[in-house]
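So the structure is just underneath, and the comments pick up after that.
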Amino acid sequence: MEETALFTKLFKDYNSFKNSGISGRHIRQTDIQNLLEDLEEEFIVKKIGESVLGKPIHTIQFGNGPIKILAWSQMHGNESTTTKAVFDLLNYITKYKDKTLVKSFLENCSFCIIPMLNPDGAEAYTRVNANKVDLNRDAQALSQPESRILRKEFEIFHPDFCLNLHDQRTIFSAGNKPNSAVLSFLTPSMDKERNIFPSRIQSMQLIAKITQDLSELLPGRIGRYDDGFNINCTGDTFQSTQTPTVLFEAGHFPGDYQREETRKYVFLALISVLKAISDNSFEEIDYRDYQKIPENEKLFNDVILREAQTKNEVVDIAIQYKEGVKDGKLQFFPEIEEIAPKINKFAHKEIYCENKKIEINGESKLTENVIVNKIALNGVELPLKCE
């Protein structure tokens, strides 16, 4: 199949256009500033406002076609995978601007991308902005400058399609199987009844097309996010204007806590959705295929210690990494989430303790919601790196 071959080749060639100037999880405005300045003349970079703390917010515009696509990333400051993939996309467009696929993008579409909507949250590595407001719950109140900047750009640009680019936590599976969701998608609801209007059908078709294009490269690891309606969310608000909106959720590829593998699949998904829009191929897709994508479930912990002997009983211990910046660096802090005789979840890393005596932080009496500094089984310390 021609399109399967296209995405297989893109996957194979990815490192040739991956933007090496940006990596890791803690992506700040200073990390993208040089990348913005280095963009070639076919990209128009424009400062469109400032964050609460005065950091610049930019758009990148390119293409000359009639179909308008608005995309924004890092609305949540600690969700940076899609930002990396956006700059991979820009690299790809620069390198292959004379090729048929990229020409189709540029001739059929006009793009407006906000690569980092929440630079204050990005600096602090927080979901919220400097006023501790979740911008993705501020679409109606518009209480924050960043929210108003996005809304103004939406009204000025008047997009035909919106791409709302996010990350999701490591807890999510693709359905009820032991497969972490590497990519998840959502067509936001337009009302409480979750009715399916023509514009929502288009975003369903686009997501079904992405899934079709990537299913062989990412089998069993593409999920569908819950579509409960919340008009305060940006996607729901924009969808309610009958603008087809696709929510991207970059998830966890096994062993990839820096999300360098995941960014590759986000890049492929961006190519897929742009191709489908530019050549209208999504219109051939049965929108009901969207409903066949397995829904996200919260079935994973980062680490589960199985059958560990505490002071009083044999238990399973679930550990979840908490992310935070310390001494200017992003760190992962393992925290005990649950202690129970049997934990019926999957884990990205399972350690079978074989009824050995466990001590955490030197204590055999264990407590939930405690940061783990040291684990020992029968007195032998276990490594607990984030991997």
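Every chain in the structure tokens has a letter given in the order shown (A, B, ...), and although residue numbers restart at 1 in each chain, ligands are simply numbered from 1 in the order shown.
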
For the interface of segment 176-229 of chain A with segment 336-359 of chain A (cut-off 12 Å, counting only C-alpha atoms), please tabulate each contacting residue of segment 176-229 of chain A alongside its nearest pair of atoms and their separation in Å to one decimal, rows sorted by chain and increasing number, as a Markdown table.
| residue | atom | partner | partner_atom | distance |
| --- | --- | --- | --- | --- |
| A:Asn176 | CA | A:Phe346 | CA | 10.0 |
| A:Lys177 | CA | A:Phe346 | CA | 8.8 |
| A:Pro178 | CA | A:Phe346 | CA | 6.2 |
| A:Asn179 | CA | A:Phe346 | CA | 8.7 |
| A:Ser180 | CA | A:His348 | CA | 8.2 |
| A:Ala181 | CA | A:His348 | CA | 11.6 |

Given the selection you just returned, output its residues as a file containing C-alpha atoms, formatted as a compact mmCIF listing (two decimals), in the first residue's frame.
# COMPACT_ATOMS: atom_id res chain seq x y z
CA ASN A 176 -7.67 -2.78 28.57
CA LYS A 177 -4.52 -4.53 27.37
CA PRO A 178 -0.95 -4.23 28.71
CA ASN A 179 0.02 -1.71 26.05
CA SER A 180 0.90 1.81 27.10
CA ALA A 181 -0.67 4.48 24.91

For this session: Could you please write out, as a PyMOL selection string, every residue of segment 185-307 of chain A that DSSP assigns to helix (DSSP H, G or I)?
Result: chain A and resi 198-214+234-239+260-278+281-284+287-292

Problem set entry | 12 Å contact set for Thr94 of chain A, only C-alpha atoms, chain neighbours under 4 positions out, as an MDAnalysis selection string | chainID A and resid 17:19 38:43 62:63 87:90 98:99 102:103 106

For this session: Skip Pro66 of chain A itself and residues of its chain fewer than 2 positions away, then list as a ChimeraX atom specification all residues within 9 Å of it, counting only C-alpha atoms.
Result: /A:64,68,107-110

Writing out the chosen residues with N, CA and C atoms as a short mmCIF file (atom, residue, chain, number, x, y, z; two decimals), in the first residue's frame:
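Generated output (again_1.cif):
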data_model
loop_
_atom_site.label_atom_id
_atom_site.label_comp_id
_atom_site.auth_asym_id
_atom_site.auth_seq_id
_atom_site.Cartn_x
_atom_site.Cartn_y
_atom_site.Cartn_z
N ASN A 64 0.71 28.78 1.45
CA ASN A 64 -0.08 29.77 0.72
C ASN A 64 -1.44 29.25 0.28
N LYS A 68 -6.87 26.58 6.06
CA LYS A 68 -6.11 27.16 7.17
C LYS A 68 -6.07 26.19 8.35
N GLU A 107 1.02 24.33 -0.97
CA GLU A 107 0.13 24.89 -1.99
C GLU A 107 -1.34 24.80 -1.60
N ASN A 108 -1.69 23.82 -0.77
CA ASN A 108 -3.09 23.62 -0.40
C ASN A 108 -3.46 24.20 0.96
N CYS A 109 -2.45 24.44 1.80
CA CYS A 109 -2.72 24.83 3.18
C CYS A 109 -1.93 26.08 3.56
N SER A 110 -2.47 26.80 4.53
CA SER A 110 -1.75 27.88 5.22
C SER A 110 -1.72 27.52 6.70
#

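Taking only C-alpha atoms, the non-local environment of Glu283 of chain A within 10 Å (same-chain residues fewer than 2 positions away omitted) comprises A:Ile201, A:Gln202, A:Gln205, A:Leu206, A:Lys209, A:Ala276, A:Ile277, A:Asp279, A:Asn280, A:Ser281, A:Ile285, A:Asp286, A:Tyr287.
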
Seminar exercise, completed: Shortest contact to His58 of chain A, candidates A:Glu261, A:Ser23, A:Leu117, A:Asn296, atoms counted only C-alpha atoms, goes to A:Leu117

For this session: Using backbone DSSP assignments, extract all strand (DSSP E) residues from segment 36-231 of chain A; output them as an NGL selection string.
Result: :A and (44-50 or 56-62 or 67-73 or 109-114 or 161-167 or 172-174 or 183-186 or 222-224)

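Between atom CA of Gly328 of chain A and atom CA of Gly362 of chain A lies a distance of 28.6 Å.
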
Exercise. Any idea what's packed within 8 Å of segment 164-167 of chain A, counting only C-alpha atoms, ignoring anything in its chain fewer than 3 positions away? Could you give it as a ChimeraX atom specification?
Worked result: /A:71-76,79-82,235,245-251

Residues from the last selection, N, CA, C and O atoms, saved as a PDB file, in the first residue's frame:
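As a result, out.pdb now contains:
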ATOM      1  N   ALA A  71      -2.375  25.389  14.907  1.00  0.00           N
ATOM      2  CA  ALA A  71      -1.883  24.408  15.882  1.00  0.00           C
ATOM      3  C   ALA A  71      -1.183  25.139  17.018  1.00  0.00           C
ATOM      4  O   ALA A  71      -0.571  26.188  16.809  1.00  0.00           O
ATOM      5  N   TRP A  72      -1.272  24.578  18.217  1.00  0.00           N
ATOM      6  CA  TRP A  72      -0.549  25.167  19.352  1.00  0.00           C
ATOM      7  C   TRP A  72      -0.046  24.051  20.259  1.00  0.00           C
ATOM      8  O   TRP A  72      -0.677  23.018  20.430  1.00  0.00           O
ATOM      9  N   SER A  73       1.141  24.274  20.828  1.00  0.00           N
ATOM     10  CA  SER A  73       1.798  23.299  21.694  1.00  0.00           C
ATOM     11  C   SER A  73       2.186  23.951  23.015  1.00  0.00           C
ATOM     12  O   SER A  73       2.233  25.179  23.123  1.00  0.00           O
ATOM     13  N   GLN A  74       2.459  23.126  23.994  1.00  0.00           N
ATOM     14  CA  GLN A  74       2.845  23.559  25.349  1.00  0.00           C
ATOM     15  C   GLN A  74       1.890  24.588  25.919  1.00  0.00           C
ATOM     16  O   GLN A  74       2.293  25.558  26.559  1.00  0.00           O
ATOM     17  N   MET A  75       0.599  24.357  25.713  1.00  0.00           N
ATOM     18  CA  MET A  75      -0.422  25.043  26.502  1.00  0.00           C
ATOM     19  C   MET A  75      -0.216  24.688  27.972  1.00  0.00           C
ATOM     20  O   MET A  75      -0.414  25.511  28.864  1.00  0.00           O
ATOM     21  N   HIS A  76       0.171  23.443  28.208  1.00  0.00           N
ATOM     22  CA  HIS A  76       0.643  23.001  29.513  1.00  0.00           C
ATOM     23  C   HIS A  76       2.166  22.977  29.450  1.00  0.00           C
ATOM     24  O   HIS A  76       2.750  22.289  28.609  1.00  0.00           O
ATOM     25  N   GLU A  79       4.387  19.806  29.016  1.00  0.00           N
ATOM     26  CA  GLU A  79       4.024  18.880  27.946  1.00  0.00           C
ATOM     27  C   GLU A  79       4.728  19.316  26.660  1.00  0.00           C
ATOM     28  O   GLU A  79       4.189  20.060  25.851  1.00  0.00           O
ATOM     29  N   SER A  80       5.946  18.815  26.488  1.00  0.00           N
ATOM     30  CA  SER A  80       6.843  19.381  25.473  1.00  0.00           C
ATOM     31  C   SER A  80       7.103  18.471  24.276  1.00  0.00           C
ATOM     32  O   SER A  80       7.764  18.891  23.330  1.00  0.00           O
ATOM     33  N   THR A  81       6.600  17.239  24.302  1.00  0.00           N
ATOM     34  CA  THR A  81       6.928  16.302  23.219  1.00  0.00           C
ATOM     35  C   THR A  81       6.452  16.817  21.871  1.00  0.00           C
ATOM     36  O   THR A  81       7.149  16.700  20.856  1.00  0.00           O
ATOM     37  N   THR A  82       5.260  17.392  21.846  1.00  0.00           N
ATOM     38  CA  THR A  82       4.722  17.873  20.574  1.00  0.00           C
ATOM     39  C   THR A  82       5.487  19.100  20.068  1.00  0.00           C
ATOM     40  O   THR A  82       5.564  19.322  18.860  1.00  0.00           O
ATOM     41  N   GLY A 235     -10.270  22.925  23.322  1.00  0.00           N
ATOM     42  CA  GLY A 235     -10.725  22.090  22.221  1.00  0.00           C
ATOM     43  C   GLY A 235     -12.232  22.066  22.103  1.00  0.00           C
ATOM     44  O   GLY A 235     -12.789  22.167  20.998  1.00  0.00           O
ATOM     45  N   THR A 245     -11.588  19.987  15.276  1.00  0.00           N
ATOM     46  CA  THR A 245     -10.442  20.091  16.182  1.00  0.00           C
ATOM     47  C   THR A 245      -9.963  18.700  16.560  1.00  0.00           C
ATOM     48  O   THR A 245     -10.763  17.827  16.908  1.00  0.00           O
ATOM     49  N   VAL A 246      -8.648  18.506  16.482  1.00  0.00           N
ATOM     50  CA  VAL A 246      -8.040  17.226  16.839  1.00  0.00           C
ATOM     51  C   VAL A 246      -7.077  17.454  18.001  1.00  0.00           C
ATOM     52  O   VAL A 246      -6.157  18.269  17.908  1.00  0.00           O
ATOM     53  N   LEU A 247      -7.324  16.737  19.088  1.00  0.00           N
ATOM     54  CA  LEU A 247      -6.433  16.770  20.245  1.00  0.00           C
ATOM     55  C   LEU A 247      -5.419  15.644  20.111  1.00  0.00           C
ATOM     56  O   LEU A 247      -5.778  14.477  19.945  1.00  0.00           O
ATOM     57  N   PHE A 248      -4.130  15.997  20.170  1.00  0.00           N
ATOM     58  CA  PHE A 248      -3.029  15.029  20.202  1.00  0.00           C
ATOM     59  C   PHE A 248      -2.601  14.831  21.650  1.00  0.00           C
ATOM     60  O   PHE A 248      -2.440  15.803  22.392  1.00  0.00           O
ATOM     61  N   GLU A 249      -2.376  13.588  22.044  1.00  0.00           N
ATOM     62  CA  GLU A 249      -1.800  13.280  23.353  1.00  0.00           C
ATOM     63  C   GLU A 249      -0.574  12.394  23.135  1.00  0.00           C
ATOM     64  O   GLU A 249      -0.697  11.235  22.732  1.00  0.00           O
ATOM     65  N   ALA A 250       0.607  12.945  23.381  1.00  0.00           N
ATOM     66  CA  ALA A 250       1.852  12.183  23.262  1.00  0.00           C
ATOM     67  C   ALA A 250       2.058  11.407  24.555  1.00  0.00           C
ATOM     68  O   ALA A 250       2.126  11.996  25.634  1.00  0.00           O
ATOM     69  N   GLY A 251       2.151  10.079  24.438  1.00  0.00           N
ATOM     70  CA  GLY A 251       2.237   9.247  25.624  1.00  0.00           C
ATOM     71  C   GLY A 251       3.580   8.559  25.800  1.00  0.00           C
ATOM     72  O   GLY A 251       4.613   9.031  25.321  1.00  0.00           O
TER      73      GLY A 251
END

For this session: Could you give me, as number ranges by chain, the residues within 12 Å of segment 133-143 of chain A, counting only C-alpha atoms and dropping anything in the same chain fewer than 5 positions from it?
Result: A: 51-52, 72-78, 117-121, 126-128, 148-152, 154, 164-166, 229-240, 247

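If only C-alpha atoms are the atoms counted, then among A:Thr83, A:Asn369, A:Thr211, A:Ser104 the closest residue to Ala269 of chain A is A:Thr211.
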
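What separates atom CA of Ile57 of chain A from atom CA of Ile156 of chain A is a distance of 15.9 Å.
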
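Counting from atom CA of Leu186 of chain A, the distance to atom CA of Gly65 of chain A is 25.8 Å.
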
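Nearest residue to Lys385 of chain A among A:Pro219, A:Gly324, A:Gly255, A:Gly21 is A:Gly255, counting only C-alpha atoms.
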
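Ranking A:Glu323, A:Asp213, A:Asp316, A:Glu153 by their shortest atom-to-atom distance to Thr170 of chain A, with only C-alpha atoms included, puts A:Glu323 first.
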